[in-house]
>>> print(open('target-v4.txt').read())   # compact mmCIF, C-alpha atoms and all ligand atoms
# COMPACT_ATOMS: atom_id res chain seq x y z
CA MET A 387 -8.88 12.14 5.07
CA ARG A 388 -5.49 13.77 4.92
CA ILE A 389 -3.05 13.43 7.80
CA ILE A 390 0.11 15.48 7.56
CA GLN A 391 2.83 14.62 10.08
CA ASP A 392 6.45 15.61 10.46
CA ASP A 393 8.02 12.30 9.64
CA GLY A 394 7.60 8.69 8.61
CA GLU A 395 7.79 7.36 12.14
CA ALA A 396 4.77 9.39 13.23
CA LEU A 397 2.92 8.19 10.13
CA GLY A 398 3.90 4.62 10.95
CA ARG A 399 2.36 4.99 14.39
CA PHE A 400 -0.83 6.47 12.93
CA ALA A 401 -1.22 3.63 10.41
CA THR A 402 -0.52 1.02 13.07
CA ASP A 403 -3.21 2.58 15.27
CA LEU A 404 -5.66 2.13 12.38
CA ILE A 405 -4.60 -1.51 11.97
CA ALA A 406 -4.95 -2.10 15.71
CA GLU A 407 -8.46 -0.61 15.63
CA ARG A 408 -9.50 -3.02 12.86
CA ILE A 409 -8.07 -5.96 14.81
CA ALA A 410 -9.84 -4.84 17.97
CA ASP A 411 -13.11 -4.97 15.98
CA ARG A 412 -12.23 -8.26 14.34
CA PRO A 413 -9.24 -10.33 15.55
CA ASP A 414 -9.14 -12.27 12.25
CA ALA A 415 -9.16 -9.08 10.18
CA VAL A 416 -7.76 -9.19 6.65
CA ILE A 417 -5.00 -6.67 6.03
CA GLY A 418 -3.56 -5.86 2.59
CA LEU A 419 0.18 -5.19 2.54
CA ALA A 420 2.23 -3.02 0.19
CA THR A 421 5.94 -3.39 -0.48
CA GLY A 422 8.58 -0.75 -1.26
CA SER A 423 10.17 1.76 1.07
CA SER A 424 7.05 3.78 2.02
CA PRO A 425 5.35 1.27 4.37
CA ILE A 426 8.53 0.30 6.22
CA PRO A 427 7.85 2.66 9.18
CA ILE A 428 4.48 0.92 9.57
CA TYR A 429 6.08 -2.53 9.61
CA VAL A 430 8.72 -1.39 12.10
CA GLU A 431 6.00 -0.07 14.41
CA MET A 432 3.87 -3.23 14.01
CA ALA A 433 6.87 -5.38 14.97
CA ARG A 434 7.65 -3.12 17.93
CA ARG A 435 4.11 -3.47 19.27
CA VAL A 436 4.06 -7.24 18.71
CA ALA A 437 7.33 -7.53 20.68
CA ALA A 438 5.91 -5.29 23.41
CA GLY A 439 2.79 -7.47 23.61
CA THR A 440 0.46 -4.59 22.71
CA LEU A 441 -0.55 -5.86 19.24
CA ASP A 442 -1.82 -9.38 18.61
CA LEU A 443 -1.56 -10.40 14.96
CA SER A 444 -1.91 -14.11 15.61
CA SER A 445 -5.32 -14.46 13.91
CA VAL A 446 -4.89 -11.79 11.23
CA ARG A 447 -4.77 -12.79 7.57
CA PHE A 448 -2.59 -10.80 5.15
CA PHE A 449 -2.65 -10.41 1.36
CA ALA A 450 0.03 -8.70 -0.75
CA LEU A 451 -0.80 -6.11 -3.37
CA ASP A 452 1.46 -7.38 -6.10
CA GLU A 453 4.41 -9.54 -7.17
CA TYR A 454 6.95 -9.56 -9.99
CA VAL A 455 6.41 -12.10 -12.75
CA GLY A 456 9.29 -14.54 -13.00
CA LEU A 457 10.65 -14.21 -9.47
CA ALA A 458 10.22 -17.28 -7.27
CA ALA A 459 9.08 -16.79 -3.68
CA ASP A 460 12.63 -17.39 -2.44
CA HIS A 461 14.20 -14.86 -4.84
CA PRO A 462 15.62 -12.09 -2.61
CA MET A 463 13.91 -9.34 -4.64
CA SER A 464 10.50 -11.01 -4.74
CA TYR A 465 7.76 -9.23 -2.86
CA ARG A 466 7.17 -12.44 -0.91
CA ALA A 467 10.77 -12.22 0.32
CA PHE A 468 10.34 -8.51 1.11
CA LEU A 469 7.23 -9.18 3.18
CA ASP A 470 8.83 -12.19 4.88
CA ASP A 471 11.77 -9.97 5.88
CA HIS A 472 9.76 -6.92 6.93
CA VAL A 473 6.52 -8.37 8.29
CA VAL A 474 6.36 -12.16 8.73
CA GLY A 475 9.69 -12.52 10.56
CA PRO A 476 9.68 -9.32 12.62
CA CYS A 477 6.00 -9.72 13.58
CA ASN A 478 6.43 -13.39 14.41
CA LEU A 479 3.74 -14.54 12.00
CA ASP A 480 3.12 -18.01 10.67
CA PRO A 481 4.10 -17.71 6.95
CA ALA A 482 0.71 -19.24 6.11
CA GLN A 483 -0.96 -16.07 7.43
CA LEU A 484 0.35 -14.20 4.36
CA THR A 485 -0.84 -14.88 0.82
CA VAL A 486 1.22 -13.48 -2.05
CA LEU A 487 0.62 -13.86 -5.77
CA ASN A 488 2.91 -16.51 -7.26
CA GLY A 489 5.20 -14.78 -9.75
CA LYS A 490 6.26 -18.16 -11.12
CA ALA A 491 2.75 -19.52 -11.71
CA ALA A 492 2.56 -21.62 -14.85
CA ASP A 493 -0.76 -19.98 -15.65
CA PRO A 494 -0.60 -16.34 -14.47
CA VAL A 495 -4.16 -15.59 -15.58
CA ALA A 496 -5.51 -18.46 -13.46
CA GLU A 497 -3.23 -17.34 -10.60
CA CYS A 498 -4.84 -13.88 -10.67
CA ALA A 499 -8.37 -15.33 -10.78
CA ASP A 500 -7.52 -17.62 -7.85
CA TYR A 501 -6.17 -14.65 -5.91
CA GLU A 502 -9.40 -12.71 -6.33
CA GLN A 503 -11.22 -15.82 -5.18
CA ALA A 504 -8.97 -16.18 -2.12
CA ILE A 505 -9.59 -12.55 -1.11
CA SER A 506 -13.35 -13.07 -1.45
CA ALA A 507 -13.21 -16.33 0.50
CA ALA A 508 -11.42 -14.48 3.32
CA GLY A 509 -14.35 -12.06 3.45
CA GLY A 510 -12.60 -9.23 1.56
CA ILE A 511 -9.80 -6.95 2.68
CA ASP A 512 -10.65 -4.87 5.75
CA LEU A 513 -7.74 -2.47 5.47
CA GLN A 514 -5.39 -2.11 2.52
CA LEU A 515 -2.02 -0.35 2.89
CA LEU A 516 -0.79 1.46 -0.21
CA GLY A 517 2.24 3.38 -1.40
CA ILE A 518 2.19 5.62 -4.47
CA GLY A 519 4.53 5.70 -7.46
CA HIS A 520 6.02 8.92 -8.78
CA ASN A 521 3.66 8.52 -11.72
CA GLY A 522 0.66 8.07 -9.43
CA HIS A 523 0.47 4.28 -9.65
CA ILE A 524 -1.03 2.20 -6.87
CA GLY A 525 -0.08 -1.45 -6.69
CA PHE A 526 1.41 -1.92 -10.14
CA ASN A 527 -1.53 -0.24 -11.81
CA GLU A 528 0.31 2.10 -14.12
CA PRO A 529 -1.26 5.25 -15.63
CA THR A 530 -4.30 4.51 -17.84
CA SER A 531 -5.18 1.34 -15.90
CA SER A 532 -8.94 1.02 -15.71
CA PHE A 533 -10.54 2.04 -12.45
CA ALA A 534 -12.52 -1.21 -12.78
CA SER A 535 -9.43 -3.39 -13.28
CA ARG A 536 -9.07 -6.64 -11.36
CA THR A 537 -6.01 -8.67 -10.35
CA ARG A 538 -4.11 -9.31 -13.58
CA VAL A 539 -0.83 -9.40 -15.45
CA VAL A 540 0.50 -5.86 -15.93
CA ALA A 541 3.48 -4.30 -17.71
CA LEU A 542 5.68 -1.86 -15.80
CA THR A 543 6.52 1.56 -17.22
CA HIS A 544 10.16 2.56 -17.75
CA GLN A 545 9.71 5.05 -14.92
CA THR A 546 8.71 2.28 -12.49
CA VAL A 547 11.49 -0.03 -13.68
CA ASP A 548 14.02 2.77 -13.14
CA ALA A 549 12.57 3.68 -9.74
CA ASN A 550 12.72 0.06 -8.58
CA ALA A 551 16.26 -0.55 -9.89
CA ARG A 552 17.47 0.62 -6.46
CA PHE A 553 16.26 -2.70 -5.05
CA PHE A 554 18.22 -4.58 -7.77
CA ASP A 555 21.71 -3.19 -7.11
CA ASP A 556 20.81 -0.21 -9.31
CA ASP A 557 20.64 -2.43 -12.36
CA ALA A 558 17.42 -1.67 -14.26
CA GLU A 559 18.17 -4.61 -16.58
CA ASP A 560 17.38 -6.98 -13.70
CA VAL A 561 13.96 -5.49 -12.88
CA PRO A 562 11.17 -7.68 -14.29
CA LEU A 563 9.04 -5.96 -16.92
CA LEU A 564 5.86 -7.75 -15.88
CA ALA A 565 4.04 -8.10 -12.59
CA LEU A 566 0.83 -9.49 -11.16
CA SER A 567 -1.15 -6.81 -9.37
CA GLN A 568 -4.44 -6.35 -7.64
CA GLY A 569 -6.51 -4.11 -9.91
CA ILE A 570 -7.81 -0.68 -9.01
CA GLY A 571 -11.30 -2.17 -8.81
CA THR A 572 -9.97 -4.82 -6.42
CA ILE A 573 -8.25 -2.19 -4.26
CA LEU A 574 -11.39 -0.02 -4.15
CA GLU A 575 -13.35 -2.94 -2.62
CA ALA A 576 -11.26 -2.92 0.57
CA GLY A 577 -13.14 -1.58 3.57
CA ARG A 578 -10.52 1.05 4.26
CA LEU A 579 -7.52 2.34 2.33
CA VAL A 580 -4.41 3.81 3.96
CA LEU A 581 -1.89 5.36 1.57
CA ILE A 582 1.48 6.44 2.94
CA ALA A 583 3.90 8.75 1.11
CA THR A 584 7.09 10.41 2.28
CA GLY A 585 9.64 12.68 0.63
CA ALA A 586 9.49 15.56 -1.83
CA GLY A 587 9.71 13.20 -4.81
CA LYS A 588 6.14 12.07 -4.10
CA ALA A 589 4.74 15.61 -3.80
CA PRO A 590 3.48 15.93 -7.41
CA ALA A 591 1.80 12.50 -7.28
CA ILE A 592 0.18 13.30 -3.93
CA ARG A 593 -1.11 16.62 -5.21
CA SER A 594 -2.58 14.97 -8.32
CA ALA A 595 -4.11 12.09 -6.34
CA ILE A 596 -5.80 14.30 -3.73
CA GLU A 597 -6.54 17.56 -5.53
CA GLY A 598 -6.28 16.66 -9.21
CA GLU A 599 -8.84 15.42 -11.68
CA LEU A 600 -10.28 11.95 -11.50
CA THR A 601 -8.37 10.32 -14.33
CA SER A 602 -6.90 6.94 -15.15
CA SER A 603 -3.73 8.87 -16.05
CA VAL A 604 -3.26 9.18 -12.29
CA PRO A 605 -4.34 5.78 -10.92
CA ALA A 606 -4.30 7.02 -7.30
CA SER A 607 -6.94 9.64 -8.17
CA ALA A 608 -9.36 6.67 -8.12
CA LEU A 609 -9.10 6.81 -4.33
CA GLN A 610 -11.28 9.94 -4.47
CA LEU A 611 -14.13 7.49 -5.14
CA HIS A 612 -13.60 5.53 -1.92
CA PRO A 613 -15.49 6.60 1.23
CA LYS A 614 -12.77 5.61 3.71
CA VAL A 615 -9.32 6.65 2.58
CA THR A 616 -6.60 8.01 4.82
CA PHE A 617 -3.67 9.68 3.08
CA LEU A 618 -0.68 9.73 5.42
CA VAL A 619 1.91 12.18 4.12
CA ASP A 620 4.96 13.82 5.61
CA GLU A 621 5.61 17.56 5.22
CA PHE A 622 7.65 16.95 2.05
CA ALA A 623 5.17 14.71 0.25
CA GLY A 624 2.42 17.16 1.23
CA SER A 625 4.38 20.25 0.18
CA MET A 626 2.51 20.80 -3.10
CA LEU A 627 -1.00 20.49 -1.67
CA ALA A 628 -2.91 23.75 -2.18
CA ARG A 629 -5.40 23.18 0.64
CA VAL A 630 -3.02 22.04 3.33
CA ASP A 631 -4.30 24.58 5.90
CA PHE A 632 -7.81 23.23 5.44
CA TYR A 633 -6.64 19.64 5.95
CA ARG A 634 -4.88 20.60 9.18
CA ARG A 635 -7.95 22.46 10.41
CA GLU A 636 -10.27 19.54 9.58
CA ARG A 637 -8.08 17.31 11.68
CA GLN A 638 -8.18 19.74 14.59
CA ILE A 639 -11.94 20.22 14.66
CA ILE A 640 -13.46 16.90 13.50
CA PRO A 641 -13.50 14.40 16.39
CA GLY A 642 -11.71 11.16 15.53
CA TYR A 643 -10.60 12.54 12.16
CA GLY A 644 -8.65 9.97 10.14
CA HIS A 645 -9.95 7.03 12.14
C1 LIG B 1 4.27 -1.88 -3.76
C2 LIG B 1 3.55 -1.22 -4.81
C3 LIG B 1 3.94 0.12 -5.37
C4 LIG B 1 4.70 1.02 -4.40
C5 LIG B 1 5.12 2.30 -5.08
C6 LIG B 1 5.94 3.19 -4.17
O1 LIG B 1 3.64 -3.10 -3.41
O2 LIG B 1 2.62 -1.78 -5.23
O3 LIG B 1 2.77 0.79 -5.79
O4 LIG B 1 3.90 1.30 -3.29
O5 LIG B 1 5.87 2.01 -6.22
O6 LIG B 1 7.14 2.55 -3.86
P1 LIG B 1 8.10 3.12 -2.73
O7 LIG B 1 7.35 3.05 -1.45
O8 LIG B 1 9.29 2.20 -2.73
O9 LIG B 1 8.42 4.52 -3.13
>>> encode(input="target-v4.txt", output="structure tokens")
Amino acid sequence: MRIIQDDGEALGRFATDLIAERIADRPDAVIGLATGSSPIPIYVEMARRVAAGTLDLSSVRFFALDEYVGLAADHPMSYRAFLDDHVVGPCNLDPAQLTVLNGKAADPVAECADYEQAISAAGGIDLQLLGIGHNGHIGFNEPTSSFASRTRVVALTHQTVDANARFFDDDAEDVPLLALSQGIGTILEAGRLVLIATGAGKAPAIRSAIEGELTSSVPASALQLHPKVTFLVDEFAGSMLARVDFYRRERQIIPGYGH
């Protein structure tokens, strides 16, 4: 399902509606969280609804997609710190509601196996939020990652290191070269996937993911295999889609489209 909206705030509201629907079905739903700039409008809207008393996250369990290797939980650039700042604090969660891979684990391979186990023990992820890299990555599954990959140690491409340098005072030297990431196979097991992308820089990746060939060279193309995916894109990220008129028409004429 492709939802094209004017701006990130509208997309944030749409995604939060989807989260609220899952929680209405199951108050202890399991939600997968992404980091980076793309999901921020979703986290802002979640926090707004929690403060307004219209969204109850008190029984929800959360799992992160990925974490840098070598950064402790209290490192300001760790994904744990990002999610504490953008979700746990603003949404008034108990920190124990969020599980993040430990980037400082003595045995990263065992850490990844334990993480898979923890997701299974929670009953699987009901709804997984995703961003997309300029090279089409999801999580830190870089191009040519297997569609069957599981949570594991991954290397980051130069493109990803450079893109993420903005979070490290623009110093690419400080960006870790390794991460722990849910695999594409892990991500595809979530009950529902919601990918959010904004800005013209994401337009080629969005076009390849939605309309391109199914190929491990574009990890997000694997989402074409999932029965319940909602792509939330703004006008800019959607600007290279060839079938945009069709996507808009689908949304107009199919009842409940995107939900
Ligand atoms: C984040 C993640 C990455 C980002 C992607 C886009 O947990 O796994 O796949 O979603 O790199 O990042 P932004 O949103 O910062 O452009």
>>> closest_atom_pairs(input="target-v4.txt", of="chain A", to="ligand LIG 1 (chain B)", cutoff="8 Å", atoms="only C-alpha atoms and all ligand atoms", output="Markdown table")
| residue | atom | partner | partner_atom | distance |
| --- | --- | --- | --- | --- |
| A:Leu419 | CA | B:LIG1 | O1 | 7.2 |
| A:Ala420 | CA | B:LIG1 | O1 | 3.9 |
| A:Thr421 | CA | B:LIG1 | O1 | 3.7 |
| A:Gly422 | CA | B:LIG1 | O8 | 3.4 |
| A:Ser423 | CA | B:LIG1 | O8 | 3.9 |
| A:Ser424 | CA | B:LIG1 | O7 | 3.6 |
| A:Pro425 | CA | B:LIG1 | O7 | 6.4 |
| A:Ala450 | CA | B:LIG1 | O1 | 7.2 |
| A:Leu451 | CA | B:LIG1 | O1 | 5.4 |
| A:Asp452 | CA | B:LIG1 | O1 | 5.5 |
| A:Glu453 | CA | B:LIG1 | O1 | 7.5 |
| A:Tyr465 | CA | B:LIG1 | O1 | 7.4 |
| A:Leu516 | CA | B:LIG1 | O4 | 5.6 |
| A:Gly517 | CA | B:LIG1 | O4 | 3.3 |
| A:Ile518 | CA | B:LIG1 | C5 | 4.5 |
| A:Gly519 | CA | B:LIG1 | O5 | 4.1 |
| A:His520 | CA | B:LIG1 | C6 | 7.4 |
| A:His523 | CA | B:LIG1 | O3 | 5.7 |
| A:Ile524 | CA | B:LIG1 | O3 | 4.2 |
| A:Gly525 | CA | B:LIG1 | O2 | 3.1 |
| A:Phe526 | CA | B:LIG1 | O2 | 5.1 |
| A:Asn527 | CA | B:LIG1 | O3 | 7.5 |
| A:Thr546 | CA | B:LIG1 | O5 | 6.9 |
| A:Ala549 | CA | B:LIG1 | O5 | 7.8 |
| A:Asn550 | CA | B:LIG1 | O8 | 7.1 |
| A:Ser567 | CA | B:LIG1 | O2 | 7.5 |
| A:Ala583 | CA | B:LIG1 | O7 | 7.1 |
| A:Lys588 | CA | B:LIG1 | O9 | 7.9 |
>>> write_last_selection(input="target-v4.txt", atoms="C-alpha atoms", output="PDB file, keeping the file's coordinate frame")
ATOM      1  CA  LEU A 419       0.180  -5.190   2.540  1.00  0.00           C
ATOM      2  CA  ALA A 420       2.230  -3.020   0.190  1.00  0.00           C
ATOM      3  CA  THR A 421       5.940  -3.390  -0.480  1.00  0.00           C
ATOM      4  CA  GLY A 422       8.580  -0.750  -1.260  1.00  0.00           C
ATOM      5  CA  SER A 423      10.170   1.760   1.070  1.00  0.00           C
ATOM      6  CA  SER A 424       7.050   3.780   2.020  1.00  0.00           C
ATOM      7  CA  PRO A 425       5.350   1.270   4.370  1.00  0.00           C
ATOM      8  CA  ALA A 450       0.030  -8.700  -0.750  1.00  0.00           C
ATOM      9  CA  LEU A 451      -0.800  -6.110  -3.370  1.00  0.00           C
ATOM     10  CA  ASP A 452       1.460  -7.380  -6.100  1.00  0.00           C
ATOM     11  CA  GLU A 453       4.410  -9.540  -7.170  1.00  0.00           C
ATOM     12  CA  TYR A 465       7.760  -9.230  -2.860  1.00  0.00           C
ATOM     13  CA  LEU A 516      -0.790   1.460  -0.210  1.00  0.00           C
ATOM     14  CA  GLY A 517       2.240   3.380  -1.400  1.00  0.00           C
ATOM     15  CA  ILE A 518       2.190   5.620  -4.470  1.00  0.00           C
ATOM     16  CA  GLY A 519       4.530   5.700  -7.460  1.00  0.00           C
ATOM     17  CA  HIS A 520       6.020   8.920  -8.780  1.00  0.00           C
ATOM     18  CA  HIS A 523       0.470   4.280  -9.650  1.00  0.00           C
ATOM     19  CA  ILE A 524      -1.030   2.200  -6.870  1.00  0.00           C
ATOM     20  CA  GLY A 525      -0.080  -1.450  -6.690  1.00  0.00           C
ATOM     21  CA  PHE A 526       1.410  -1.920 -10.140  1.00  0.00           C
ATOM     22  CA  ASN A 527      -1.530  -0.240 -11.810  1.00  0.00           C
ATOM     23  CA  THR A 546       8.710   2.280 -12.490  1.00  0.00           C
ATOM     24  CA  ALA A 549      12.570   3.680  -9.740  1.00  0.00           C
ATOM     25  CA  ASN A 550      12.720   0.060  -8.580  1.00  0.00           C
ATOM     26  CA  SER A 567      -1.150  -6.810  -9.370  1.00  0.00           C
ATOM     27  CA  ALA A 583       3.900   8.750   1.110  1.00  0.00           C
ATOM     28  CA  LYS A 588       6.140  12.070  -4.100  1.00  0.00           C
TER      29      LYS A 588
END
>>> residues_around(input="target-v4.txt", residues="His612 (chain A)", least_positions_apart="6", cutoff="10 Å", atoms="only C-alpha atoms", output="list in words")
Ile573, Leu574, Glu575, Ala576, Gly577, Arg578 and Leu579 of chain A
>>> atom_distance(input="target-v4.txt", atom1="CA of Gly624 (chain A)", atom2="CA of Phe449 (chain A)")
28.0 Å
>>> residues_around(input="target-v4.txt", residues="Gly489 (chain A)", least_positions_apart="6", cutoff="9 Å", atoms="only C-alpha atoms", output="list in words")
Glu453, Tyr454, Val455, Gly456, Leu457, Ala458, Ala459, Ser464, Glu497, Ala565 and Leu566 of chain A
>>> residues_around(input="target-v4.txt", residues="Gly394 (chain A)", least_positions_apart="6", cutoff="8 Å", atoms="only C-alpha atoms", output="ChimeraX atom specification")
/A:427,584,620
>>> write_last_selection(input="target-v4.txt", atoms="C-alpha atoms", output="PDB file, in the coordinates of the input")
ATOM      1  CA  PRO A 427       7.850   2.660   9.180  1.00  0.00           C
ATOM      2  CA  THR A 584       7.090  10.410   2.280  1.00  0.00           C
ATOM      3  CA  ASP A 620       4.960  13.820   5.610  1.00  0.00           C
TER       4      ASP A 620
END
>>> residues_near_point(input="target-v4.txt", point="(-10.1, -3.9, -9.1)", cutoff="9 Å", atoms="all atoms listed in the file", output="PyMOL selection string")
chain A and resi 532-537+568-575
>>> closest_residue(input="target-v4.txt", among="A:Ser625, A:Asn521, A:Ser506, A:Gln514", to="Leu609 (chain A)", atoms="all atoms listed in the file")
A:Gln514
>>> residues_near_point(input="target-v4.txt", point="(-0.8, -11.4, -14.6)", cutoff="6 Å", atoms="only C-alpha atoms", output="PDB file with C-alpha atoms, in the coordinates of the input")
ATOM      1  CA  PRO A 494      -0.600 -16.340 -14.470  1.00  0.00           C
ATOM      2  CA  VAL A 495      -4.160 -15.590 -15.580  1.00  0.00           C
ATOM      3  CA  ARG A 538      -4.110  -9.310 -13.580  1.00  0.00           C
ATOM      4  CA  VAL A 539      -0.830  -9.400 -15.450  1.00  0.00           C
ATOM      5  CA  VAL A 540       0.500  -5.860 -15.930  1.00  0.00           C
ATOM      6  CA  LEU A 566       0.830  -9.490 -11.160  1.00  0.00           C
TER       7      LEU A 566
END
>>> closest_residue(input="target-v4.txt", among="A:Arg388, A:Asp548, A:Pro529, A:Ala558", to="Tyr633 (chain A)", atoms="all atoms listed in the file")
A:Arg388
>>> residues_around(input="target-v4.txt", residues="region 472-474 of chain A", least_positions_apart="4", cutoff="9 Å", atoms="only C-alpha atoms", output="MDAnalysis selection string")
chainID A and resid 426 429:430 432:433 467:468 478:481 483:484
>>> atom_distance(input="target-v4.txt", atom1="CA of Glu636 (chain A)", atom2="CA of Phe617 (chain A)")
13.5 Å
>>> atom_distance(input="target-v4.txt", atom1="CA of Thr402 (chain A)", atom2="CA of Pro641 (chain A)")
18.9 Å
>>> residues_around(input="target-v4.txt", residues="region 408-413 of chain A", least_positions_apart="2", cutoff="7 Å", atoms="only C-alpha atoms", output="ChimeraX atom specification")
/A:404-406,415,445-446
>>> closest_residue(input="target-v4.txt", among="A:His544, A:Arg593, A:Arg399, A:Lys490", to="Val630 (chain A)", atoms="all atoms listed in the file")
A:Arg593
>>> closest_residue(input="target-v4.txt", among="A:Asp555, A:Asp414, A:Leu564, A:Cys477", to="Ala438 (chain A)", atoms="only C-alpha atoms")
A:Cys477
>>> axis_aligned_box(input="target-v4.txt", around="region 453-467 of chain A", padding_each_side="5 Å", output="AutoDock Vina command-line options")
--center_x 10.0 --center_y -13.3 --center_z -6.3 --size_x 21.2 --size_y 18.2 --size_z 23.3
>>> decode(input="target-v4.txt", residues="region 412-425 of chain A", atoms="N, CA and C atoms", output="PDB file, in the first residue's frame")
ATOM      1  N   ARG A 412      -4.755  -5.214  20.572  1.00  0.00           N
ATOM      2  CA  ARG A 412      -3.913  -5.949  21.515  1.00  0.00           C
ATOM      3  C   ARG A 412      -3.121  -4.939  22.348  1.00  0.00           C
ATOM      4  N   PRO A 413      -3.561  -4.641  23.557  1.00  0.00           N
ATOM      5  CA  PRO A 413      -2.905  -3.603  24.365  1.00  0.00           C
ATOM      6  C   PRO A 413      -1.429  -3.884  24.632  1.00  0.00           C
ATOM      7  N   ASP A 414      -1.020  -5.174  24.643  1.00  0.00           N
ATOM      8  CA  ASP A 414       0.403  -5.466  24.845  1.00  0.00           C
ATOM      9  C   ASP A 414       1.093  -5.784  23.511  1.00  0.00           C
ATOM     10  N   ALA A 415       0.666  -5.063  22.479  1.00  0.00           N
ATOM     11  CA  ALA A 415       1.263  -5.250  21.146  1.00  0.00           C
ATOM     12  C   ALA A 415       2.772  -5.040  21.195  1.00  0.00           C
ATOM     13  N   VAL A 416       3.447  -5.618  20.211  1.00  0.00           N
ATOM     14  CA  VAL A 416       4.907  -5.493  20.107  1.00  0.00           C
ATOM     15  C   VAL A 416       5.199  -4.628  18.878  1.00  0.00           C
ATOM     16  N   ILE A 417       5.848  -3.512  19.130  1.00  0.00           N
ATOM     17  CA  ILE A 417       6.107  -2.541  18.061  1.00  0.00           C
ATOM     18  C   ILE A 417       7.619  -2.455  17.830  1.00  0.00           C
ATOM     19  N   GLY A 418       8.029  -2.540  16.585  1.00  0.00           N
ATOM     20  CA  GLY A 418       9.444  -2.406  16.235  1.00  0.00           C
ATOM     21  C   GLY A 418       9.739  -0.959  15.867  1.00  0.00           C
ATOM     22  N   LEU A 419      10.820  -0.417  16.441  1.00  0.00           N
ATOM     23  CA  LEU A 419      11.139   1.000  16.241  1.00  0.00           C
ATOM     24  C   LEU A 419      12.386   1.167  15.365  1.00  0.00           C
ATOM     25  N   ALA A 420      12.349   2.157  14.496  1.00  0.00           N
ATOM     26  CA  ALA A 420      13.520   2.538  13.707  1.00  0.00           C
ATOM     27  C   ALA A 420      14.113   3.813  14.300  1.00  0.00           C
ATOM     28  N   THR A 421      15.369   4.063  13.996  1.00  0.00           N
ATOM     29  CA  THR A 421      15.985   5.327  14.411  1.00  0.00           C
ATOM     30  C   THR A 421      16.207   6.186  13.164  1.00  0.00           C
ATOM     31  N   GLY A 422      16.983   7.247  13.295  1.00  0.00           N
ATOM     32  CA  GLY A 422      17.221   8.146  12.170  1.00  0.00           C
ATOM     33  C   GLY A 422      16.181   9.246  12.129  1.00  0.00           C
ATOM     34  N   SER A 423      16.283  10.095  11.116  1.00  0.00           N
ATOM     35  CA  SER A 423      15.392  11.266  11.070  1.00  0.00           C
ATOM     36  C   SER A 423      13.987  10.926  10.571  1.00  0.00           C
ATOM     37  N   SER A 424      13.850   9.906   9.723  1.00  0.00           N
ATOM     38  CA  SER A 424      12.542   9.652   9.091  1.00  0.00           C
ATOM     39  C   SER A 424      11.397   9.410  10.077  1.00  0.00           C
ATOM     40  N   PRO A 425      11.581   8.576  11.122  1.00  0.00           N
ATOM     41  CA  PRO A 425      10.426   8.288  11.989  1.00  0.00           C
ATOM     42  C   PRO A 425      10.124   9.374  13.021  1.00  0.00           C
TER      43      PRO A 425
END
